[in-house]
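Content type compact mmCIF, C-alpha atoms, from the file model.txt:
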```txt
# COMPACT_ATOMS: atom_id res chain seq x y z
CA MET A 1130 12.96 76.19 86.22
CA LYS A 1131 13.70 78.57 89.06
CA LYS A 1132 15.50 77.01 92.00
CA SER A 1133 13.96 77.30 95.42
CA GLU A 1134 15.80 79.13 98.23
CA CYS A 1135 16.44 75.90 100.10
CA ASP A 1136 18.67 74.73 97.22
CA VAL A 1137 21.13 77.60 97.83
CA GLY A 1138 24.12 76.62 99.95
CA ALA A 1139 25.67 78.55 102.82
CA TYR A 1140 28.08 80.44 100.54
CA GLY A 1141 25.52 81.57 98.01
CA HIS A 1142 25.72 78.78 95.45
CA THR A 1143 23.81 75.61 94.87
CA PRO A 1144 25.38 72.24 95.70
CA SER A 1145 25.63 71.54 91.98
CA GLN A 1146 28.01 74.56 91.61
CA SER A 1147 30.38 73.27 94.34
CA SER A 1148 34.20 73.64 94.20
CA ARG A 1149 34.72 70.06 93.02
CA ILE A 1150 37.35 70.24 90.29
CA THR A 1151 36.72 68.54 86.98
CA ARG A 1152 39.23 66.28 85.29
CA ARG A 1153 39.84 68.95 82.64
CA GLY A 1154 40.36 71.64 85.30
CA PHE A 1155 42.83 69.49 87.16
CA LEU A 1156 44.81 68.82 84.00
CA GLY A 1157 44.88 72.56 83.22
CA PHE A 1158 46.24 73.45 86.66
CA PHE A 1159 48.75 70.59 86.49
CA LEU A 1160 50.19 71.80 83.19
CA LEU A 1161 50.24 75.45 84.34
CA GLY A 1162 52.17 74.44 87.48
CA GLY A 1163 54.68 72.57 85.36
CA VAL A 1164 55.30 75.58 83.13
CA ILE A 1165 55.73 77.95 86.12
CA SER A 1166 58.10 75.50 87.79
CA LEU A 1167 60.30 75.28 84.67
CA PHE A 1168 60.35 79.07 84.36
CA GLY A 1169 61.33 79.40 88.03
CA LYS A 1170 64.28 77.03 87.58
CA LYS A 1171 65.46 79.02 84.58
CA VAL A 1172 65.45 82.27 86.59
CA LYS A 1173 67.36 80.57 89.41
CA GLY A 1174 69.93 79.39 86.90
CA VAL A 1175 70.61 82.94 85.74
CA VAL A 1176 71.14 84.12 89.33
CA GLY A 1177 73.58 81.25 89.78
CA ILE A 1178 75.76 82.55 86.94
CA GLU A 1179 75.87 86.02 88.53
CA ASP A 1180 76.94 84.47 91.82
CA GLU A 1181 80.17 83.16 90.33
CA PRO A 1182 83.22 84.92 91.78
CA ARG A 1183 84.49 87.94 89.85
CA LYS A 1184 88.03 87.66 88.48
CA ALA A 1185 90.31 89.96 90.44
CA MET A 1186 92.33 92.85 89.09
CA PHE A 1187 96.04 93.33 89.83
CA TRP A 1188 97.64 89.92 90.13
CA ARG A 1189 100.13 87.89 88.11
CA LYS A 1190 101.08 84.30 87.53
CA THR A 1191 104.38 83.39 89.13
CA ASP A 1192 107.09 81.65 87.11
CA ALA A 1193 107.88 79.04 89.76
CA MET B 589 102.39 74.78 84.21
CA SER B 590 102.39 76.55 87.58
CA LYS B 591 99.05 77.55 89.01
CA THR B 592 100.62 79.83 91.63
CA VAL B 593 99.64 83.49 91.51
CA GLN B 594 100.78 86.62 93.29
CA CYS B 595 98.26 89.27 94.30
CA GLU B 596 99.51 92.77 93.52
CA LEU B 597 96.74 94.75 95.18
CA CYS B 598 98.19 95.51 98.61
CA PRO B 599 101.81 95.68 99.80
CA THR B 600 101.51 92.24 101.42
CA GLU B 601 101.51 90.75 97.89
CA CYS B 602 100.41 87.23 98.94
CA VAL B 603 101.72 84.34 96.86
CA LEU B 604 98.88 81.85 96.58
CA GLU B 605 98.85 78.20 95.61
CA ASP B 606 95.81 76.73 93.85
CA TYR B 607 92.70 77.12 96.03
CA GLN B 608 94.60 79.15 98.62
CA ILE B 609 92.93 82.28 100.02
CA GLY B 610 94.85 85.51 100.65
CA GLY B 611 95.56 87.11 104.01
CA CYS B 612 92.63 89.44 103.42
CA LYS B 613 90.34 86.34 103.44
CA VAL B 614 88.45 87.44 100.34
CA ARG B 615 90.67 86.67 97.35
CA ILE B 616 91.17 83.11 96.14
CA ASN B 617 93.40 81.43 93.59
CA LYS B 618 91.22 79.09 91.53
CA GLY B 619 93.04 77.12 88.90
CA GLY B 620 95.74 79.74 88.41
CA ALA B 621 93.49 82.82 88.34
CA LEU B 622 92.70 85.17 91.22
CA TYR B 623 89.05 85.80 92.11
CA SER B 624 87.22 88.08 94.53
CA LEU B 625 84.88 86.25 96.90
CA VAL B 626 82.93 89.35 97.94
CA TYR B 627 82.03 91.00 94.65
CA GLY B 628 78.50 92.40 94.97
CA LYS B 629 78.12 90.92 98.45
CA PRO B 630 78.31 93.66 101.05
CA CYS B 631 77.86 92.65 104.68
CA SER B 632 77.10 96.24 105.74
CA VAL B 633 74.85 98.70 103.93
CA ALA B 634 73.76 101.94 105.60
CA ILE B 635 73.00 105.59 105.01
CA ASP B 636 75.21 107.78 107.20
CA PRO B 637 75.92 111.47 107.58
CA ILE B 638 79.12 112.24 105.65
CA GLU B 639 80.50 113.65 108.94
CA LYS B 640 80.58 110.10 110.33
CA LYS B 641 83.25 108.94 107.86
CA PRO B 642 84.70 111.47 108.96
CA PHE B 643 84.68 114.04 106.14
CA PHE B 644 84.44 117.61 107.46
CA HIS B 645 85.41 119.42 104.25
CA PHE B 646 83.37 117.40 101.78
CA LEU B 647 79.71 118.21 101.09
CA PRO B 648 78.76 118.89 104.73
CA ALA B 649 75.31 117.91 105.98
CA THR B 650 74.76 115.43 103.16
CA THR B 651 74.31 111.68 103.40
CA ALA B 652 76.58 108.91 102.19
CA PHE B 653 75.38 105.53 101.00
CA SER B 654 77.90 103.37 102.83
CA ILE B 655 78.92 99.83 101.97
CA ALA B 656 81.46 97.28 103.15
CA THR B 657 82.25 93.65 102.64
CA VAL B 658 84.11 91.42 105.07
CA GLY B 659 87.90 91.26 105.07
CA CYS B 660 90.87 93.50 105.71
CA VAL B 661 94.48 93.84 104.61
CA LEU B 662 95.59 94.57 108.19
CA GLY B 663 94.78 93.08 111.59
CA CYS B 664 94.69 96.06 113.96
CA LYS B 665 94.35 95.09 117.60
CA PHE B 666 92.07 98.07 118.23
CA CYS B 667 89.73 97.53 115.27
CA GLN B 668 86.25 98.93 115.92
CA ASN B 669 84.70 96.67 113.27
CA TRP B 670 86.67 93.48 113.89
CA GLN B 671 83.50 91.34 113.71
CA ILE B 672 83.38 91.99 109.96
CA SER B 673 86.94 93.04 109.13
CA GLN B 674 88.39 89.80 110.46
CA ALA B 675 85.56 87.55 109.21
CA LYS B 676 85.48 85.23 106.23
CA PRO B 677 82.78 85.72 103.56
CA GLU B 678 80.90 82.62 104.69
CA GLU B 679 80.83 83.81 108.30
CA SER B 680 78.66 86.87 107.66
CA ASP B 681 75.18 87.56 106.35
CA ASN B 682 75.72 89.24 103.00
CA TYR B 683 73.38 91.19 100.77
CA ASN B 684 73.25 90.57 97.04
CA LEU B 685 73.83 94.09 95.74
CA PRO B 686 75.54 94.43 92.36
CA PRO B 687 77.30 97.74 91.56
CA ALA B 688 74.41 99.14 89.51
CA ASP B 689 72.01 98.48 92.40
CA VAL B 690 74.31 100.31 94.84
CA VAL B 691 74.18 103.40 92.64
CA ARG B 692 70.43 103.00 92.13
CA GLN B 693 69.86 102.77 95.88
CA ALA B 694 72.09 105.77 96.55
CA ILE B 695 70.16 107.91 94.08
CA PHE B 696 66.79 106.62 95.32
CA ASN B 697 67.73 107.56 98.89
CA GLY B 698 68.98 111.02 97.96
CA CYS B 699 72.64 110.33 98.81
CA LYS B 700 75.13 112.58 97.06
CA THR B 701 77.95 110.20 97.84
CA ILE B 702 78.75 106.51 97.96
CA THR B 703 81.31 105.72 100.65
CA TYR B 704 83.37 102.53 100.77
CA THR B 705 84.02 102.17 104.47
CA TYR B 706 83.65 100.20 107.76
CA THR B 707 86.21 97.55 106.73
CA GLU B 708 89.15 98.17 104.39
CA PRO B 709 87.74 98.90 100.91
CA THR B 710 90.96 97.75 99.23
CA VAL B 711 89.86 94.15 99.82
CA PHE B 712 86.72 94.65 97.71
CA TYR B 713 88.61 96.63 95.10
CA GLU B 714 86.78 95.26 92.03
CA TYR B 715 83.36 95.84 93.59
CA MET B 716 84.34 99.36 94.65
CA TYR B 717 85.90 100.15 91.27
CA ASP B 718 82.93 98.97 89.20
CA THR B 719 80.51 100.80 91.49
CA ALA B 720 82.60 103.98 91.34
CA VAL B 721 82.62 103.93 87.53
CA ILE B 722 78.81 103.68 87.37
CA ALA B 723 78.38 106.27 90.14
CA ARG B 724 80.56 108.76 88.27
CA GLN B 725 78.40 108.28 85.15
CA HIS B 726 75.32 109.22 87.19
CA GLY B 727 76.81 112.21 89.03
CA VAL B 728 77.14 110.46 92.39
CA LYS B 729 80.43 111.13 94.15
CA ASN B 730 82.73 108.40 95.47
CA THR B 731 84.58 108.51 98.76
CA MET B 732 86.44 105.94 100.81
CA HIS B 733 87.71 105.54 104.33
CA THR B 734 90.88 103.53 103.98
CA CYS B 735 94.01 102.54 105.83
CA GLY B 736 95.95 103.42 102.68
CA TYR B 737 97.58 99.99 102.54
CA ILE B 738 97.40 99.62 98.79
CA ASN B 739 99.93 99.47 95.96
CA GLU B 740 100.51 102.43 93.68
CA ARG B 741 99.16 100.98 90.41
CA PRO B 742 95.68 99.99 91.71
CA LEU B 743 95.47 103.22 93.70
CA ARG B 744 96.20 105.41 90.67
CA GLU B 745 93.59 103.48 88.65
CA LEU B 746 91.01 103.88 91.43
CA SER B 747 91.83 107.58 91.88
CA LYS B 748 90.35 108.32 88.44
CA TYR B 749 86.92 107.75 89.97
CA MET B 750 87.50 108.58 93.65
CA ASP B 751 86.50 112.08 94.74
CA ALA B 752 87.71 111.96 98.33
CA ALA B 753 89.61 109.70 100.72
CA ASP B 754 89.89 109.68 104.47
CA VAL B 755 93.10 107.84 105.30
CA ASP B 756 93.78 106.31 108.70
CA LEU B 757 97.35 107.22 109.51
CA LYS B 758 97.48 104.97 112.53
CA ALA B 759 100.85 106.06 113.87
CA PHE B 760 104.15 107.43 112.67
CA THR B 761 106.42 104.50 113.48
CA GLU B 762 107.17 101.27 111.64
CA ASP B 763 107.22 99.56 115.03
CA PHE B 764 103.54 100.40 115.71
CA TYR B 765 102.43 99.25 112.27
CA GLY B 766 104.36 95.99 112.67
CA ARG B 767 103.34 95.15 116.23
CA VAL B 768 99.79 96.50 116.44
CA CYS B 769 98.50 96.37 112.85
CA GLY B 770 100.53 93.71 111.08
CA GLY B 771 101.61 96.06 108.32
CA ARG B 772 104.13 98.74 107.41
CA LEU B 773 104.07 102.54 107.58
CA LYS B 774 105.99 103.33 104.39
CA PRO B 775 103.33 102.10 101.91
CA VAL B 776 100.69 104.19 103.72
CA LEU B 777 102.77 107.34 103.40
CA ASP B 778 103.37 106.53 99.73
CA ALA B 779 99.60 106.08 99.21
CA LEU B 780 98.89 109.47 100.80
CA VAL B 781 101.31 111.14 98.38
CA VAL B 782 99.74 109.30 95.42
CA LEU B 783 96.22 110.41 96.43
CA LYS B 784 97.40 114.00 96.75
CA ASP B 785 99.15 113.76 93.40
CA GLU B 786 96.00 112.40 91.75
CA GLY B 787 93.92 115.32 93.05
CA VAL B 788 91.71 113.26 95.37
CA TRP B 789 90.39 115.35 98.28
CA LEU B 790 92.23 114.10 101.38
CA GLU B 791 91.48 114.04 105.08
CA VAL B 792 93.60 112.17 107.62
CA THR B 793 92.44 110.37 110.76
CA ASN B 794 94.68 109.39 113.67
CA LEU B 795 93.40 107.31 116.58
CA VAL B 796 95.36 108.33 119.66
CA ILE B 797 95.96 105.23 121.79
CA PRO B 798 97.42 105.64 125.27
CA THR B 799 100.99 104.29 125.59
CA LEU B 800 101.10 102.99 122.01
CA ASN B 801 101.09 106.08 119.75
CA ASP B 802 100.55 109.07 122.06
CA ASP B 803 104.16 110.28 122.06
CA MET B 804 103.84 114.01 121.29
CA LYS B 805 107.24 114.07 119.62
CA LYS B 806 106.03 111.48 117.11
CA ILE B 807 102.69 113.22 116.64
CA SER B 808 104.54 116.48 115.88
CA GLU B 809 106.77 114.61 113.45
CA MET B 810 103.71 113.09 111.74
CA CYS B 811 102.02 116.48 111.41
CA GLY B 812 105.24 117.99 110.07
CA TRP B 813 105.36 115.26 107.44
CA ILE B 814 101.73 115.98 106.46
CA VAL B 815 102.45 119.71 106.09
CA ALA B 816 105.58 119.04 104.04
CA ASN B 817 104.15 116.32 101.77
CA LEU B 818 100.40 116.92 101.60
CA GLY B 819 100.13 120.59 102.53
CA PRO B 820 98.75 122.51 105.52
CA ASP B 821 95.18 122.47 104.16
CA VAL B 822 94.66 118.74 104.79
CA PRO B 823 92.20 118.35 107.70
CA ILE B 824 93.34 115.97 110.42
CA HIS B 825 90.99 114.20 112.83
CA PHE B 826 92.39 113.00 116.14
CA SER B 827 90.04 110.31 117.43
CA ARG B 828 89.75 109.38 121.08
CA PHE B 829 90.46 105.72 121.77
CA PHE B 830 88.12 103.55 123.82
CA PRO B 831 89.12 100.04 124.95
CA TYR B 832 88.00 97.47 122.41
CA TYR B 833 88.82 94.13 120.74
CA LYS B 834 92.36 93.09 121.72
CA LEU B 835 93.21 96.34 123.50
CA ASN B 836 90.72 96.05 126.34
CA ASN B 837 93.49 96.52 128.87
CA LEU B 838 94.10 100.16 127.94
CA PRO B 839 92.16 103.16 129.29
CA PRO B 840 90.35 105.68 127.09
CA THR B 841 92.61 108.45 125.80
CA PRO B 842 92.87 111.21 128.46
CA MET B 843 91.40 114.54 127.39
CA GLU B 844 94.75 116.24 128.07
CA THR B 845 96.46 113.95 125.54
CA MET B 846 93.84 114.82 122.92
CA ALA B 847 94.32 118.54 123.56
CA ASP B 848 98.11 118.14 123.38
CA ALA B 849 97.85 116.30 120.06
CA ARG B 850 95.65 119.04 118.67
CA LYS B 851 98.10 121.72 119.79
CA ALA B 852 101.04 119.80 118.30
CA ALA B 853 99.24 119.63 114.95
CA MET B 854 98.41 123.32 114.96
CA ASP B 855 101.98 124.19 115.96
CA ALA B 856 103.20 122.09 113.03
CA GLY B 857 101.19 124.34 110.71
CA LEU B 858 98.03 122.33 110.02
CA LYS B 859 95.08 124.70 109.61
CA PHE B 860 92.17 122.35 110.26
CA VAL B 861 92.59 120.11 113.30
CA TYR B 862 89.59 118.26 114.70
CA MET B 863 88.94 115.92 117.60
CA GLY B 864 86.62 112.94 117.21
CA ASN B 865 84.73 110.77 119.71
CA ILE B 866 84.53 113.86 121.95
CA ARG B 867 81.85 116.55 122.11
CA SER B 868 83.77 119.85 122.03
CA GLU B 869 84.37 122.98 120.03
CA ALA B 870 87.15 121.01 118.28
CA GLU B 871 84.41 119.51 116.09
CA ASN B 872 83.82 122.92 114.50
CA THR B 873 85.50 124.51 111.49
CA TYR B 874 86.95 127.98 112.00
CA CYS B 875 88.22 130.36 109.35
CA PRO B 876 92.05 130.24 109.42
CA LYS B 877 92.17 133.99 108.70
CA CYS B 878 89.40 135.76 110.64
CA ARG B 879 88.95 132.89 113.16
CA LYS B 880 85.16 133.12 112.96
CA LEU B 881 82.99 130.01 113.27
CA LEU B 882 82.30 128.55 109.82
CA ILE B 883 80.70 125.17 110.47
CA GLU B 884 79.23 124.31 113.85
CA ARG B 885 78.88 120.58 114.46
CA ILE B 886 77.43 118.57 117.29
CA GLY B 887 78.33 114.96 116.74
CA TYR B 888 77.43 114.17 113.16
CA SER B 889 74.92 116.97 112.75
CA VAL B 890 75.70 120.37 111.27
CA ARG B 891 74.08 123.24 113.21
CA GLN B 892 75.24 126.11 111.01
CA ASN B 893 77.31 126.56 107.87
CA ASN B 894 78.85 129.93 107.08
CA ILE B 895 80.73 128.88 103.97
CA MET B 896 79.37 130.66 100.90
CA GLY B 897 80.46 129.07 97.67
CA SER B 898 83.85 127.87 98.82
CA ALA B 899 84.78 130.86 100.95
CA CYS B 900 84.33 132.30 104.43
CA LYS B 901 81.14 134.35 104.55
CA PHE B 902 82.83 136.96 106.76
CA CYS B 903 86.25 137.61 105.16
CA ASN B 904 85.94 135.79 101.81
CA THR B 905 88.99 133.58 102.48
CA ARG B 906 88.90 130.44 100.35
CA ILE B 907 88.32 127.37 102.51
CA PRO B 908 89.87 124.19 101.09
CA GLY B 909 87.43 121.36 100.48
CA VAL B 910 84.58 120.23 98.25
CA TRP B 911 81.59 122.29 99.29
CA GLU B 912 79.22 121.97 96.36
CA GLY B 913 78.44 119.04 94.12
```

Could you express the structure from this file as structure tokens?
Amino acid sequence: MKKSECDVGAYGHTPSQSSRITRRGFLGFFLLGGVISLFGKKVKGVVGIEDEPRKAMFWRKTDA
Amino acid sequence: MSKTVQCELCPTECVLEDYQIGGCKVRINKGGALYSLVYGKPCSVAIDPIEKKPFFHFLPATTAFSIATVGCVLGCKFCQNWQISQAKPEESDNYNLPPADVVRQAIFNGCKTITYTYTEPTVFYEYMYDTAVIARQHGVKNTMHTCGYINERPLRELSKYMDAADVDLKAFTEDFYGRVCGGRLKPVLDALVVLKDEGVWLEVTNLVIPTLNDDMKKISEMCGWIVANLGPDVPIHFSRFFPYYKLNNLPPTPMETMADARKAAMDAGLKFVYMGNIRSEAENTYCPKCRKLLIERIGYSVRQNNIMGSACKFCNTRIPGVWEG
């Protein structure tokens, strides 16, 4: 059945197509966020290794 | 087992206990091994005209990708960059720029040269060395502005990749180096000879400071030493002093003193004598044979260049320097 014009909301969609997230959608976003967060930590870890001081050239251990 | 180490990079040769930091402020003993605290962490990154370094006989009118970290092997009372040279690594805002990225940035910005400058590049030796090796592989030249306070072994190793060096010969007395800079003259003279011996293109800079190193007898002696040990072709830059840092009590160098220093150098036999921090014809390069104007400079900009290949356009005299690259 064709919907009447008064059923269309201000942003061009009907109230039934609103931005309310479903349980499945929420779970999907939650898991995706977790994966991205883990990946981000891994990248940060690599940078941390590069930040370690570089061993110097031209020095010696003293005997004392 | 002892965890004490001795740094062998500069003539100070600091002996460091565990977790002690060297006099340069950027090298630390950690558990019996010496580490650099500024590797890949420059506090200054800029693109400058090569004339600013100053190099007047090295690829004129090109740009130099210039980097520096904090720290210095000396403590000159007249330092123009004391805010970074006398700072600790944690006291400055540092970039994260590994050697390969320095070379990449230099190429991307059309710089023919990477210059290690502003502070004393000896203190970031490992960073400079690794960058220089990569730069050489990619056809980018390496230059440094240094005080020459470095031991022979590291300097010879570095010279394999260094195309040019501008050395600050701050005075010609041990007394000046001891009282004003906290160092010694002899190692600097030795470094100049090593650089010459290794075939690195050399230019010398001398800041003329009223009452401290403006004795014309000493300036003549210094120029005589340069002619005898480095040759008459080495360009020398006399820079005019302006009150700064711990020497605020002194006046700027009088123009007469600058002119006298220039005359003393020319009388000693040096062919290319320049004056810095002053706008004058003493910024120009003249042919030592026909005396015609070869390179006209105003500040850091080159107005005309009459050197063809490596010779004077007018009389074909060879002009010492690195003109193409």

Near chain B, which residues of chain A fall within 8 Å when you count all atoms listed in the file, and what do they look like as an NGL selection string? :A and (1182-1193)

Could you pull the residues within 9 Å of B:Thr719, counting all atoms listed in the file, minus those fewer than 4 positions along the same chain, as a PDB file with C-alpha atoms, in the coordinates of the input?
```pdb
ATOM      1  CA  PRO B 686      75.540  94.430  92.360  1.00  0.00           C
ATOM      2  CA  PRO B 687      77.300  97.740  91.560  1.00  0.00           C
ATOM      3  CA  ALA B 688      74.410  99.140  89.510  1.00  0.00           C
ATOM      4  CA  ASP B 689      72.010  98.480  92.400  1.00  0.00           C
ATOM      5  CA  VAL B 690      74.310 100.310  94.840  1.00  0.00           C
ATOM      6  CA  VAL B 691      74.180 103.400  92.640  1.00  0.00           C
ATOM      7  CA  ILE B 702      78.750 106.510  97.960  1.00  0.00           C
ATOM      8  CA  GLU B 714      86.780  95.260  92.030  1.00  0.00           C
ATOM      9  CA  TYR B 715      83.360  95.840  93.590  1.00  0.00           C
ATOM     10  CA  ALA B 723      78.380 106.270  90.140  1.00  0.00           C
ATOM     11  CA  ARG B 724      80.560 108.760  88.270  1.00  0.00           C
ATOM     12  CA  ASN B 730      82.730 108.400  95.470  1.00  0.00           C
TER      13      ASN B 730
END
```

Neighbouring residues of B:Lys613 were defined as those with any atom within 10 Å, considering all atoms listed in the file; residues of the same chain fewer than 3 positions away were excluded. Please report them as a list in words.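 The filter keeps Gln608, Ile609, Gly610, Ile616, Ser624, Leu625, Val626, Val658, Gly659, Cys660, Val661, Ser673, Gln674, Ala675, Lys676, Pro677 and Val711 of chain B.
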
Å distance separating atom CA of B:Val910 from atom CA of B:His645, one decimal place: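 We find that atom CA of B:Val910 and atom CA of B:His645 lie 6.1 Å from each other.
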
Near B:Leu818, counting all atoms listed in the file, which residues have an atom at most 9 Å away, once you skip same-chain residues fewer than 5 positions from it, shown as a ChimeraX atom specification? /B:780-781,784-785,790,813

Sorted by chain and rising residue number, which residues of stretch 621-725 of chain B lie within 12 Å of stretch 865-881 of chain B, and what are their closest atom pairs and distances in Å to one decimal, counting only C-alpha atoms, as JSON lines?
```
{"residue": "B:Glu639", "atom": "CA", "partner": "B:Glu871", "partner_atom": "CA", "distance": 10.0}
{"residue": "B:Lys640", "atom": "CA", "partner": "B:Asn865", "partner_atom": "CA", "distance": 10.3}
{"residue": "B:Pro642", "atom": "CA", "partner": "B:Glu871", "partner_atom": "CA", "distance": 10.8}
{"residue": "B:Phe643", "atom": "CA", "partner": "B:Glu871", "partner_atom": "CA", "distance": 11.4}
{"residue": "B:Phe644", "atom": "CA", "partner": "B:Thr873", "partner_atom": "CA", "distance": 8.1}
{"residue": "B:His645", "atom": "CA", "partner": "B:Thr873", "partner_atom": "CA", "distance": 8.9}
{"residue": "B:Pro648", "atom": "CA", "partner": "B:Thr873", "partner_atom": "CA", "distance": 11.1}
```

Measuring atom to atom with all atoms listed in the file, identify which of B:Val796, B:Ile824, B:Ile638, B:Cys664 is nearest to B:Gly771.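 Distance minimum relative to B:Gly771 lands on B:Cys664.
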
As an exercise, work out the distance from atom CA of B:Thr701 to atom CA of B:Ala652 in Å and give it to one decimal place.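 Distance between the two atoms: 4.7 Å.
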
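Put simply, atom CA of B:Pro831 is 15.3 Å away from atom CA of B:Gln671.
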